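Undergrad: Sharing data_21.cif below, mmCIF, C-alpha atoms:
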data_query
#
loop_
_atom_site.label_atom_id
_atom_site.label_comp_id
_atom_site.auth_asym_id
_atom_site.auth_seq_id
_atom_site.Cartn_x
_atom_site.Cartn_y
_atom_site.Cartn_z
CA MET A 1 -18.03 13.20 -3.87
CA LYS A 2 -18.60 9.56 -4.74
CA ALA A 3 -16.01 6.76 -4.66
CA LEU A 4 -15.93 3.04 -5.37
CA PHE A 5 -13.33 0.84 -3.68
CA ILE A 6 -12.73 -2.64 -5.05
CA GLY A 7 -11.93 -4.45 -1.82
CA GLY A 8 -12.06 -1.83 0.88
CA THR A 9 -11.70 -3.95 4.04
CA GLY A 10 -8.00 -4.91 4.06
CA THR A 11 -5.08 -3.53 6.07
CA ILE A 12 -4.59 -0.60 3.72
CA SER A 13 -8.01 -0.16 2.18
CA GLY A 14 -9.91 -0.55 5.46
CA ALA A 15 -8.12 2.43 6.99
CA ILE A 16 -8.78 4.51 3.87
CA SER A 17 -12.45 3.51 3.83
CA LYS A 18 -12.87 4.67 7.40
CA LEU A 19 -11.15 8.00 6.76
CA VAL A 20 -13.01 8.94 3.58
CA ILE A 21 -16.32 8.21 5.30
CA GLU A 22 -15.25 10.61 8.07
CA LYS A 23 -14.43 13.17 5.37
CA GLY A 24 -17.97 12.94 4.01
CA TRP A 25 -17.41 10.88 0.87
CA ASP A 26 -20.25 8.77 -0.50
CA LEU A 27 -18.37 5.44 -0.45
CA TYR A 28 -19.27 2.20 -2.20
CA LEU A 29 -17.35 -1.03 -1.59
CA LEU A 30 -17.39 -3.77 -4.20
CA ASN A 31 -16.46 -7.08 -2.62
CA ARG A 32 -17.76 -10.57 -2.02
CA GLY A 33 -19.22 -9.66 1.38
CA ASN A 34 -17.00 -12.03 3.36
CA ARG A 35 -15.80 -9.35 5.80
CA LEU A 36 -18.90 -7.31 6.47
CA ASP A 37 -17.77 -6.77 10.06
CA GLN A 38 -14.89 -4.70 8.65
CA VAL A 39 -17.13 -2.38 6.61
CA PRO A 40 -17.22 1.11 8.18
CA GLU A 41 -20.58 2.53 9.12
CA GLY A 42 -21.93 4.62 6.27
CA ALA A 43 -20.36 2.69 3.42
CA LYS A 44 -22.59 1.01 0.85
CA VAL A 45 -21.68 -2.54 -0.12
CA ILE A 46 -22.11 -3.85 -3.66
CA THR A 47 -21.86 -7.58 -3.19
CA GLY A 48 -20.09 -9.20 -6.10
CA ASP A 49 -16.91 -10.71 -7.45
CA ILE A 50 -14.82 -8.27 -9.48
CA HIS A 51 -13.68 -11.21 -11.63
CA ASP A 52 -17.28 -11.60 -12.85
CA GLU A 53 -17.06 -8.67 -15.23
CA LYS A 54 -20.53 -9.03 -16.70
CA ALA A 55 -22.22 -9.09 -13.29
CA VAL A 56 -20.22 -6.12 -12.05
CA ALA A 57 -21.06 -4.11 -15.17
CA GLU A 58 -24.73 -4.76 -14.50
CA SER A 59 -24.47 -3.79 -10.83
CA ILE A 60 -22.88 -0.39 -11.59
CA LYS A 61 -24.73 0.41 -14.81
CA ASP A 62 -26.54 3.39 -13.26
CA LEU A 63 -23.58 4.64 -11.18
CA HIS A 64 -20.80 7.11 -11.92
CA PHE A 65 -17.92 7.95 -9.60
CA ASP A 66 -15.40 10.67 -8.94
CA VAL A 67 -12.87 8.00 -7.93
CA VAL A 68 -12.54 4.26 -8.42
CA ALA A 69 -9.69 2.51 -6.57
CA ASP A 70 -8.69 -1.11 -7.06
CA PHE A 71 -6.81 -2.62 -4.12
CA ILE A 72 -6.89 -6.22 -5.35
CA ALA A 73 -5.62 -6.04 -8.95
CA PHE A 74 -2.44 -8.07 -9.30
CA LYS A 75 -2.15 -9.08 -12.96
CA PRO A 76 -2.41 -7.22 -16.29
CA GLU A 77 -5.70 -8.90 -17.15
CA HIS A 78 -7.16 -7.45 -13.95
CA VAL A 79 -6.46 -3.85 -14.95
CA GLU A 80 -7.49 -4.52 -18.56
CA ARG A 81 -10.85 -5.54 -17.13
CA ASP A 82 -10.92 -2.42 -14.96
CA ILE A 83 -10.33 -0.23 -17.99
CA ARG A 84 -13.30 -1.83 -19.75
CA LEU A 85 -15.51 -1.47 -16.68
CA PHE A 86 -14.61 2.03 -15.53
CA ALA A 87 -13.30 4.08 -18.47
CA GLU A 88 -16.70 5.76 -18.83
CA LYS A 89 -17.60 5.52 -15.15
CA THR A 90 -15.00 7.54 -13.24
CA LYS A 91 -13.01 10.77 -13.29
CA GLN A 92 -10.03 9.07 -11.64
CA PHE A 93 -8.86 5.47 -11.34
CA ILE A 94 -6.33 4.68 -8.60
CA PHE A 95 -4.25 1.54 -8.96
CA VAL A 96 -2.49 0.25 -5.85
CA SER A 97 0.86 -1.06 -7.03
CA SER A 98 3.88 -1.90 -4.84
CA ALA A 99 7.24 -0.37 -3.98
CA SER A 100 8.67 -3.87 -4.34
CA ALA A 101 8.50 -3.19 -8.08
CA TYR A 102 11.57 -0.95 -7.86
CA GLN A 103 14.87 -2.33 -9.11
CA LYS A 104 16.58 -5.07 -7.13
CA PRO A 105 19.36 -4.70 -6.26
CA LEU A 106 19.16 -0.94 -5.87
CA SER A 107 21.73 1.28 -7.54
CA TYR A 108 21.10 4.06 -4.97
CA TYR A 109 19.97 3.72 -1.37
CA LYS A 110 17.04 6.15 -1.63
CA THR A 111 14.05 5.31 -3.80
CA SER A 112 12.00 7.87 -5.69
CA GLU A 113 9.35 7.53 -8.37
CA SER A 114 12.09 7.84 -11.00
CA THR A 115 13.90 4.74 -9.73
CA PRO A 116 13.69 2.06 -12.45
CA LEU A 117 11.12 -0.71 -12.10
CA SER A 118 12.75 -4.14 -12.28
CA ASN A 119 12.55 -7.10 -9.91
CA PRO A 120 14.04 -10.40 -11.11
CA HIS A 121 13.31 -12.10 -7.77
CA TRP A 122 9.54 -11.75 -7.38
CA GLU A 123 6.78 -12.55 -9.86
CA TYR A 124 4.32 -10.54 -7.76
CA SER A 125 6.38 -7.40 -8.38
CA ARG A 126 6.83 -8.10 -12.09
CA ASP A 127 3.06 -8.49 -12.42
CA LYS A 128 2.54 -5.13 -10.71
CA ILE A 129 4.99 -3.55 -13.18
CA ALA A 130 3.06 -5.09 -16.06
CA CYS A 131 -0.18 -3.67 -14.63
CA GLU A 132 1.37 -0.21 -14.48
CA ASP A 133 2.52 -0.52 -18.09
CA VAL A 134 -1.00 -1.36 -19.25
CA LEU A 135 -2.54 1.54 -17.36
CA MET A 136 0.01 4.13 -18.45
CA ALA A 137 -0.32 3.03 -22.08
CA GLU A 138 -4.07 3.55 -21.79
CA TYR A 139 -3.49 6.97 -20.22
CA ARG A 140 -1.19 8.03 -23.07
CA LYS A 141 -3.45 6.62 -25.78
CA ASN A 142 -6.94 7.39 -24.48
CA GLN A 143 -6.42 9.66 -21.46
CA PHE A 144 -7.61 7.01 -19.03
CA PRO A 145 -7.43 8.98 -15.75
CA VAL A 146 -5.07 6.74 -13.82
CA THR A 147 -3.09 7.46 -10.66
CA ILE A 148 -0.61 4.81 -9.51
CA VAL A 149 0.18 4.49 -5.81
CA ARG A 150 3.20 2.53 -4.59
CA PRO A 151 3.04 1.54 -0.92
CA SER A 152 5.89 -0.18 0.84
CA HIS A 153 5.48 -2.18 4.07
CA THR A 154 2.18 -0.91 5.48
CA TYR A 155 0.72 -2.32 8.71
CA GLY A 156 -2.05 -1.63 11.20
CA GLU A 157 -3.25 -2.77 14.59
CA GLN A 158 -4.30 -6.14 13.18
CA LYS A 159 -0.85 -6.91 11.76
CA VAL A 160 2.49 -7.22 13.57
CA PRO A 161 5.08 -6.55 10.84
CA VAL A 162 8.10 -8.87 10.72
CA ALA A 163 10.58 -9.77 7.97
CA PHE A 164 9.25 -13.26 7.25
CA TYR A 165 7.05 -15.90 8.82
CA GLY A 166 5.27 -19.18 8.14
CA LYS A 167 1.86 -20.12 6.82
CA ASN A 168 -0.05 -18.78 9.84
CA GLY A 169 1.29 -15.24 9.82
CA SER A 170 3.55 -13.34 12.17
CA TRP A 171 2.20 -14.57 15.52
CA GLN A 172 4.77 -17.37 15.82
CA VAL A 173 7.60 -14.82 15.62
CA VAL A 174 5.93 -12.80 18.38
CA ASP A 175 5.46 -15.97 20.44
CA ARG A 176 9.13 -16.92 20.09
CA ILE A 177 10.11 -13.51 21.49
CA ARG A 178 7.60 -13.92 24.36
CA LYS A 179 9.10 -17.28 25.26
CA GLY A 180 12.68 -16.07 25.10
CA LYS A 181 13.49 -18.18 22.05
CA PRO A 182 15.96 -16.88 19.45
CA VAL A 183 14.55 -15.11 16.41
CA ILE A 184 16.09 -15.19 12.94
CA ILE A 185 16.89 -11.88 11.25
CA HIS A 186 18.10 -11.95 7.65
CA GLY A 187 21.58 -10.66 6.90
CA ASP A 188 23.25 -8.73 9.72
CA GLY A 189 20.08 -6.78 10.53
CA THR A 190 21.58 -3.39 9.63
CA SER A 191 19.80 -2.72 6.32
CA LEU A 192 17.30 0.13 6.55
CA TRP A 193 13.58 -0.50 6.22
CA THR A 194 10.53 1.76 6.21
CA LEU A 195 7.27 0.77 7.88
CA THR A 196 4.15 2.88 7.42
CA HIS A 197 1.09 2.78 9.64
CA ASN A 198 -2.14 2.40 7.72
CA SER A 199 -3.61 5.50 9.36
CA ASP A 200 -0.79 7.58 7.87
CA PHE A 201 -1.10 5.91 4.48
CA ALA A 202 -4.82 6.69 4.49
CA LYS A 203 -4.18 10.42 4.97
CA ALA A 204 -1.99 10.61 1.88
CA PHE A 205 -4.24 8.39 -0.21
CA ALA A 206 -7.34 10.45 0.64
CA GLY A 207 -5.42 13.56 -0.42
CA LEU A 208 -4.83 12.02 -3.86
CA MET A 209 -8.51 11.27 -4.38
CA ALA A 210 -10.14 13.68 -6.85
CA ASN A 211 -6.76 15.40 -7.09
CA GLN A 212 -6.32 16.39 -10.73
CA GLY A 213 -2.61 16.95 -10.22
CA ALA A 214 -2.24 13.21 -9.59
CA ILE A 215 -3.70 12.07 -12.92
CA GLY A 216 -1.07 10.27 -14.98
CA GLU A 217 1.33 10.13 -12.02
CA ALA A 218 2.93 7.37 -9.96
CA VAL A 219 3.39 8.25 -6.29
CA ASN A 220 5.12 6.65 -3.31
CA ILE A 221 3.31 6.77 0.02
CA THR A 222 5.50 5.86 2.99
CA SER A 223 6.71 7.17 6.30
CA ASP A 224 9.99 9.08 6.49
CA GLU A 225 11.13 6.91 9.41
CA ALA A 226 13.73 4.34 8.34
CA LEU A 227 14.88 1.75 10.90
CA THR A 228 17.32 -1.14 10.80
CA TRP A 229 15.80 -4.60 11.08
CA ASN A 230 17.62 -4.99 14.38
CA LYS A 231 15.82 -1.91 15.69
CA ILE A 232 12.48 -3.08 14.29
CA TYR A 233 12.72 -6.32 16.25
CA ASP A 234 13.90 -4.42 19.33
CA CYS A 235 10.72 -2.31 19.12
CA ILE A 236 8.63 -5.49 18.98
CA GLY A 237 10.53 -6.84 21.99
CA ALA A 238 10.03 -3.59 23.91
CA ALA A 239 6.29 -3.81 23.30
CA LEU A 240 6.43 -7.30 24.85
CA ASN A 241 8.81 -6.22 27.64
CA MET A 242 11.26 -8.82 26.36
CA GLU A 243 14.83 -8.68 25.10
CA VAL A 244 15.00 -10.12 21.59
CA LYS A 245 17.58 -12.86 21.14
CA LYS A 246 18.66 -12.21 17.55
CA VAL A 247 20.29 -14.79 15.31
CA HIS A 248 21.57 -13.36 12.03
CA ILE A 249 21.53 -15.69 9.05
CA ALA A 250 22.63 -14.79 5.53
CA THR A 251 19.72 -14.04 3.23
CA ASP A 252 21.11 -16.26 0.46
CA PHE A 253 21.26 -19.18 2.88
CA LEU A 254 17.72 -18.56 4.11
CA VAL A 255 16.44 -18.53 0.54
CA SER A 256 18.35 -21.72 -0.32
CA CYS A 257 16.62 -23.42 2.62
CA ARG A 258 13.20 -21.92 1.87
CA PRO A 259 12.97 -20.96 -1.83
CA ASP A 260 9.59 -19.27 -1.33
CA LEU A 261 11.45 -16.50 0.51
CA GLU A 262 13.28 -15.32 -2.61
CA GLY A 263 10.58 -12.78 -3.48
CA PRO A 264 9.80 -11.45 0.01
CA LEU A 265 13.49 -11.26 1.01
CA LEU A 266 15.80 -10.89 -2.02
CA GLY A 267 13.01 -9.17 -3.92
CA ASP A 268 11.99 -6.89 -1.08
CA LYS A 269 13.01 -6.86 2.58
CA ALA A 270 16.72 -7.61 2.19
CA ALA A 271 17.14 -4.37 0.23
CA CYS A 272 17.28 -0.93 1.82
CA ALA A 273 13.90 0.79 1.70
CA VAL A 274 14.37 4.52 2.20
CA PHE A 275 12.00 6.72 0.23
CA ASP A 276 11.96 10.21 -1.21
CA ASN A 277 8.44 11.39 -0.35
CA SER A 278 8.71 14.86 -1.86
CA LYS A 279 6.22 14.05 -4.60
CA ILE A 280 3.36 13.00 -2.32
CA LYS A 281 4.06 16.04 -0.14
CA ARG A 282 3.84 18.28 -3.19
CA LEU A 283 0.55 16.73 -4.28
CA VAL A 284 -0.85 16.59 -0.73
CA PRO A 285 0.85 19.53 1.06
CA ASP A 286 -0.55 18.75 4.51
CA PHE A 287 0.54 15.11 4.50
CA VAL A 288 2.98 13.99 7.16
CA ALA A 289 3.33 10.52 8.68
CA THR A 290 2.97 10.94 12.44
CA LYS A 291 2.79 7.39 13.84
CA ARG A 292 6.25 6.27 15.01
CA PHE A 293 6.91 2.57 14.60
CA ASP A 294 7.48 1.96 18.30
CA GLU A 295 4.02 3.43 18.97
CA GLY A 296 2.28 1.62 16.13
CA VAL A 297 3.75 -1.80 16.80
CA ARG A 298 2.86 -1.53 20.49
CA GLU A 299 -0.76 -1.08 19.43
CA SER A 300 -0.45 -4.10 17.12
CA ILE A 301 1.00 -6.22 19.93
CA GLU A 302 -1.69 -5.16 22.38
CA TYR A 303 -4.37 -5.95 19.79
CA ALA A 304 -2.99 -9.45 19.19
CA LEU A 305 -2.50 -10.24 22.90
CA ALA A 306 -6.11 -9.29 23.62
CA ARG A 307 -7.49 -11.66 20.95
CA PRO A 308 -6.69 -15.36 21.41
CA GLU A 309 -8.21 -16.14 18.00
CA LEU A 310 -5.34 -14.25 16.36
CA GLN A 311 -2.69 -16.23 18.22
CA LYS A 312 -2.28 -18.97 15.64
CA PRO A 313 0.60 -21.33 16.39
CA ASP A 314 2.80 -22.53 13.56
CA GLU A 315 4.80 -25.59 14.63
CA GLU A 316 6.29 -26.06 11.16
CA PHE A 317 7.75 -22.55 11.14
CA ASP A 318 8.95 -22.99 14.71
CA ARG A 319 10.81 -26.18 13.76
CA PHE A 320 12.27 -24.46 10.70
CA CYS A 321 13.72 -21.67 12.86
CA ASP A 322 15.06 -24.05 15.50
CA LYS A 323 16.68 -26.30 12.91
CA LEU A 324 18.27 -23.46 10.96
CA ILE A 325 19.66 -21.87 14.12
CA GLU A 326 21.08 -25.23 15.22
CA VAL A 327 22.64 -25.90 11.81
CA GLN A 328 24.40 -22.53 11.86
CA ARG A 329 25.60 -23.06 15.44
CA ALA A 330 26.91 -26.54 14.60
CA ALA A 331 28.72 -25.24 11.51
CA ARG A 332 30.38 -22.52 13.57
CA ASN A 333 31.47 -25.01 16.24
CA THR A 334 32.81 -27.42 13.63
CA PHE A 335 34.81 -24.62 12.03
CA LYS A 336 36.28 -23.57 15.38
CA GLU A 337 37.23 -27.14 16.26
CA SER A 338 39.09 -27.54 12.96
CA PHE A 339 41.71 -24.95 13.98
#
Do you think you could lay out the structure here as structure tokens?
TA:
Amino acid sequence: MKALFIGGTGTISGAISKLVIEKGWDLYLLNRGNRLDQVPEGAKVITGDIHDEKAVAESIKDLHFDVVADFIAFKPEHVERDIRLFAEKTKQFIFVSSASAYQKPLSYYKTSESTPLSNPHWEYSRDKIACEDVLMAEYRKNQFPVTIVRPSHTYGEQKVPVAFYGKNGSWQVVDRIRKGKPVIIHGDGTSLWTLTHNSDFAKAFAGLMANQGAIGEAVNITSDEALTWNKIYDCIGAALNMEVKKVHIATDFLVSCRPDLEGPLLGDKAACAVFDNSKIKRLVPDFVATKRFDEGVRESIEYALARPELQKPDEEFDRFCDKLIEVQRAARNTFKESF
């Protein structure tokens, strides 16, 4: 079996690449070659930029695939290009969408593939919805063999998952916990959230590849483990052998202070994320997510602590947290003193 991954070295796609190689697939990766150290042994790299449609068409002119998967398509014009490139080149095209595309706010706590797609808070999610619309229209009109996959919050050993962070990633949140500094959690920290380890995601994704029952379908792939944000941060603290000093701040107030958080928080992490995974289990009967979050995040923490190059400080984010915490404390004290 032959597959082409567009990307193939990221948090999600890297784990899938490794697994399908182990399963004996003939795997090609189309990317710009900037992360060759992340390419699994046995994969063939086609060096190129997917946005250069003419060059890509030339590079694959003699190739045909059982599966093509695009991990880096974010806008409708990207999938329109993919349709032109791969309609006659593959038996299945897998588009990686996002569970953030589901309606916000939710009308029911549990999300299934029949939950409406609508996100007024995040352009990223609306673009993913538009991509899905293009692909499904092509499926209905011309039988383009699309499968849509909707991941939620997926992480691996190279990524410590937190609710929000600054420009340098999540390390500064980890560092605040290490130093005993308070950490901001949106809302009251009791909303439920699902985190999926990339090794588990890869098992389900590989089961969808060359799966004729998945053609024309949209499928969630997540763990069945749903934790509160308070518990998520407690797991991170336990991996660091530190008690997490939590400061809860209303999501609306956080977004008013940092408008760029509207999408990631109001459009995603502030909502409950509990998923009905019956569809992926029907399509891939042996799929079960087996990596508990406390286990997975401990591996992520150990990975980061062992690699100083990943420990990128973010003074701006640190000041933002300190200032916001102080403003809330001062407001509370002022209120108390007024009575």
Undergrad: Is it possible to get the axis-aligned box enclosing stretch 318-325 of chain A (all listed atoms, 8 Å extra per side) as JSON, with centre and edge lengths in Å rounded to one decimal?
TA:
{"center_x": 14.3, "center_y": -24.0, "center_z": 13.1, "size_x": 26.7, "size_y": 20.6, "size_z": 20.8}
Undergrad: Per residue of stretch 2-23 of chain A within 10 Å of stretch 34-37 of chain A, note the shortest atom pair and the distance in Å to one decimal, counting all atoms listed in the file, and order the rows by chain and increasing residue number, as a tab-separated table.
TA:
residue	atom	partner	partner_atom	distance
A:Gly7	CA	A:Arg35	CA	9.9
A:Gly8	CA	A:Arg35	CA	9.7
A:Thr9	CA	A:Arg35	CA	7.0
A:Gly10	CA	A:Arg35	CA	9.1
Undergrad: Residues within 10 Å of stretch 300-305 of chain A, please, as a ChimeraX atom specification. Count all atoms listed in the file; anything in the same chain fewer than 4 positions from it doesn't count.
TA: /A:155-161,171,174,236-237,239-240,295-296,309-311
Undergrad: Can I get the selected residues back with C-alpha atoms, as a PDB file, in the coordinates of the input?
TA:
ATOM      1  CA  TYR A 155       0.720  -2.320   8.710  1.00  0.00           C
ATOM      2  CA  GLY A 156      -2.050  -1.630  11.200  1.00  0.00           C
ATOM      3  CA  GLU A 157      -3.250  -2.770  14.590  1.00  0.00           C
ATOM      4  CA  GLN A 158      -4.300  -6.140  13.180  1.00  0.00           C
ATOM      5  CA  LYS A 159      -0.850  -6.910  11.760  1.00  0.00           C
ATOM      6  CA  VAL A 160       2.490  -7.220  13.570  1.00  0.00           C
ATOM      7  CA  PRO A 161       5.080  -6.550  10.840  1.00  0.00           C
ATOM      8  CA  TRP A 171       2.200 -14.570  15.520  1.00  0.00           C
ATOM      9  CA  VAL A 174       5.930 -12.800  18.380  1.00  0.00           C
ATOM     10  CA  ILE A 236       8.630  -5.490  18.980  1.00  0.00           C
ATOM     11  CA  GLY A 237      10.530  -6.840  21.990  1.00  0.00           C
ATOM     12  CA  ALA A 239       6.290  -3.810  23.300  1.00  0.00           C
ATOM     13  CA  LEU A 240       6.430  -7.300  24.850  1.00  0.00           C
ATOM     14  CA  GLU A 295       4.020   3.430  18.970  1.00  0.00           C
ATOM     15  CA  GLY A 296       2.280   1.620  16.130  1.00  0.00           C
ATOM     16  CA  GLU A 309      -8.210 -16.140  18.000  1.00  0.00           C
ATOM     17  CA  LEU A 310      -5.340 -14.250  16.360  1.00  0.00           C
ATOM     18  CA  GLN A 311      -2.690 -16.230  18.220  1.00  0.00           C
TER      19      GLN A 311
END
Undergrad: On this structure, the PyMOL selection byres ((chain A and resi 13) around 10) would catch which residues? List them as a tab-separated table (two decimals) with C-alpha atoms, in the coordinates of the input, sorted by chain and number.
TA:
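Written output follows (part28.tsv):
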chain	number	residue	atom	x	y	z
A	5	PHE	CA	-13.33	0.84	-3.68
A	6	ILE	CA	-12.73	-2.64	-5.05
A	7	GLY	CA	-11.93	-4.45	-1.82
A	8	GLY	CA	-12.06	-1.83	0.88
A	9	THR	CA	-11.70	-3.95	4.04
A	10	GLY	CA	-8.00	-4.91	4.06
A	11	THR	CA	-5.08	-3.53	6.07
A	12	ILE	CA	-4.59	-0.60	3.72
A	14	GLY	CA	-9.91	-0.55	5.46
A	15	ALA	CA	-8.12	2.43	6.99
A	16	ILE	CA	-8.78	4.51	3.87
A	17	SER	CA	-12.45	3.51	3.83
A	18	LYS	CA	-12.87	4.67	7.40
A	19	LEU	CA	-11.15	8.00	6.76
A	69	ALA	CA	-9.69	2.51	-6.57
A	70	ASP	CA	-8.69	-1.11	-7.06
A	71	PHE	CA	-6.81	-2.62	-4.12
A	72	ILE	CA	-6.89	-6.22	-5.35
A	96	VAL	CA	-2.49	0.25	-5.85
A	198	ASN	CA	-2.14	2.40	7.72
A	201	PHE	CA	-1.10	5.91	4.48
A	202	ALA	CA	-4.82	6.69	4.49
A	205	PHE	CA	-4.24	8.39	-0.21
Undergrad: Would you pick out the contacts of A:Asp260 at 12 Å or less, using only C-alpha atoms, so that residues sharing its chain but fewer than 5 positions from it are not included, and give the list as a ChimeraX atom specification?
TA: /A:121-123,164-167,254-255,265-267
Undergrad: Could you produce a table of the residues of stretch 232-321 of chain A lying within 6 Å of stretch 98-110 of chain A, with the nearest pair of atoms per residue and their separation in Å rounded to one decimal, using all atoms listed in the file, ordered by chain and increasing residue number, as a tab-separated table?
TA:
residue	atom	partner	partner_atom	distance
A:Asp268	CA	A:Ser100	CA	5.5
A:Val274	CA	A:Lys110	CA	4.9
A:Phe275	CA	A:Lys110	CA	5.4
Undergrad: Taking N, CA, C and O atoms as the atom set, what does stretch 100-115 of chain A look like once completed, written as a PDB file, keeping the file's coordinate frame?
TA:
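The resulting file, rebuild33.pdb, is reproduced below:
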ATOM      1  N   SER A 100       7.788  -2.739  -4.039  1.00  0.00           N
ATOM      2  CA  SER A 100       8.670  -3.870  -4.340  1.00  0.00           C
ATOM      3  C   SER A 100       8.970  -3.958  -5.831  1.00  0.00           C
ATOM      4  O   SER A 100       9.868  -4.703  -6.240  1.00  0.00           O
ATOM      5  N   ALA A 101       8.259  -3.199  -6.642  1.00  0.00           N
ATOM      6  CA  ALA A 101       8.500  -3.190  -8.080  1.00  0.00           C
ATOM      7  C   ALA A 101       9.801  -2.474  -8.453  1.00  0.00           C
ATOM      8  O   ALA A 101      10.323  -2.666  -9.547  1.00  0.00           O
ATOM      9  N   TYR A 102      10.333  -1.672  -7.543  1.00  0.00           N
ATOM     10  CA  TYR A 102      11.570  -0.950  -7.860  1.00  0.00           C
ATOM     11  C   TYR A 102      12.745  -1.914  -7.997  1.00  0.00           C
ATOM     12  O   TYR A 102      12.747  -3.016  -7.444  1.00  0.00           O
ATOM     13  N   GLN A 103      13.755  -1.466  -8.734  1.00  0.00           N
ATOM     14  CA  GLN A 103      14.870  -2.330  -9.110  1.00  0.00           C
ATOM     15  C   GLN A 103      15.508  -3.011  -7.892  1.00  0.00           C
ATOM     16  O   GLN A 103      15.667  -2.425  -6.832  1.00  0.00           O
ATOM     17  N   LYS A 104      15.837  -4.284  -8.098  1.00  0.00           N
ATOM     18  CA  LYS A 104      16.580  -5.070  -7.130  1.00  0.00           C
ATOM     19  C   LYS A 104      17.755  -5.724  -7.859  1.00  0.00           C
ATOM     20  O   LYS A 104      17.525  -6.399  -8.866  1.00  0.00           O
ATOM     21  N   PRO A 105      18.981  -5.544  -7.385  1.00  0.00           N
ATOM     22  CA  PRO A 105      19.360  -4.700  -6.260  1.00  0.00           C
ATOM     23  C   PRO A 105      19.324  -3.223  -6.641  1.00  0.00           C
ATOM     24  O   PRO A 105      19.406  -2.867  -7.819  1.00  0.00           O
ATOM     25  N   LEU A 106      19.210  -2.376  -5.638  1.00  0.00           N
ATOM     26  CA  LEU A 106      19.160  -0.940  -5.870  1.00  0.00           C
ATOM     27  C   LEU A 106      20.512  -0.402  -6.315  1.00  0.00           C
ATOM     28  O   LEU A 106      21.562  -0.903  -5.887  1.00  0.00           O
ATOM     29  N   SER A 107      20.484   0.617  -7.152  1.00  0.00           N
ATOM     30  CA  SER A 107      21.730   1.280  -7.540  1.00  0.00           C
ATOM     31  C   SER A 107      21.987   2.505  -6.657  1.00  0.00           C
ATOM     32  O   SER A 107      23.080   3.066  -6.682  1.00  0.00           O
ATOM     33  N   TYR A 108      20.967   2.922  -5.886  1.00  0.00           N
ATOM     34  CA  TYR A 108      21.100   4.060  -4.970  1.00  0.00           C
ATOM     35  C   TYR A 108      20.204   3.766  -3.784  1.00  0.00           C
ATOM     36  O   TYR A 108      19.108   3.216  -3.923  1.00  0.00           O
ATOM     37  N   TYR A 109      20.671   4.153  -2.585  1.00  0.00           N
ATOM     38  CA  TYR A 109      19.970   3.720  -1.370  1.00  0.00           C
ATOM     39  C   TYR A 109      18.576   4.308  -1.227  1.00  0.00           C
ATOM     40  O   TYR A 109      17.699   3.699  -0.607  1.00  0.00           O
ATOM     41  N   LYS A 110      18.350   5.497  -1.790  1.00  0.00           N
ATOM     42  CA  LYS A 110      17.040   6.150  -1.630  1.00  0.00           C
ATOM     43  C   LYS A 110      16.214   5.977  -2.892  1.00  0.00           C
ATOM     44  O   LYS A 110      16.692   6.196  -3.995  1.00  0.00           O
ATOM     45  N   THR A 111      14.955   5.602  -2.689  1.00  0.00           N
ATOM     46  CA  THR A 111      14.050   5.310  -3.800  1.00  0.00           C
ATOM     47  C   THR A 111      13.091   6.471  -4.028  1.00  0.00           C
ATOM     48  O   THR A 111      12.449   6.956  -3.098  1.00  0.00           O
ATOM     49  N   SER A 112      12.996   6.883  -5.286  1.00  0.00           N
ATOM     50  CA  SER A 112      12.000   7.870  -5.690  1.00  0.00           C
ATOM     51  C   SER A 112      11.183   7.285  -6.839  1.00  0.00           C
ATOM     52  O   SER A 112      11.472   6.185  -7.321  1.00  0.00           O
ATOM     53  N   GLU A 113      10.195   8.023  -7.285  1.00  0.00           N
ATOM     54  CA  GLU A 113       9.350   7.530  -8.370  1.00  0.00           C
ATOM     55  C   GLU A 113      10.114   7.381  -9.687  1.00  0.00           C
ATOM     56  O   GLU A 113       9.644   6.691 -10.594  1.00  0.00           O
ATOM     57  N   SER A 114      11.285   7.986  -9.787  1.00  0.00           N
ATOM     58  CA  SER A 114      12.090   7.840 -11.000  1.00  0.00           C
ATOM     59  C   SER A 114      13.041   6.647 -10.948  1.00  0.00           C
ATOM     60  O   SER A 114      13.704   6.338 -11.941  1.00  0.00           O
ATOM     61  N   THR A 115      13.093   5.956  -9.816  1.00  0.00           N
ATOM     62  CA  THR A 115      13.900   4.740  -9.730  1.00  0.00           C
ATOM     63  C   THR A 115      13.343   3.707 -10.699  1.00  0.00           C
ATOM     64  O   THR A 115      12.121   3.514 -10.763  1.00  0.00           O
TER      65      THR A 115
END
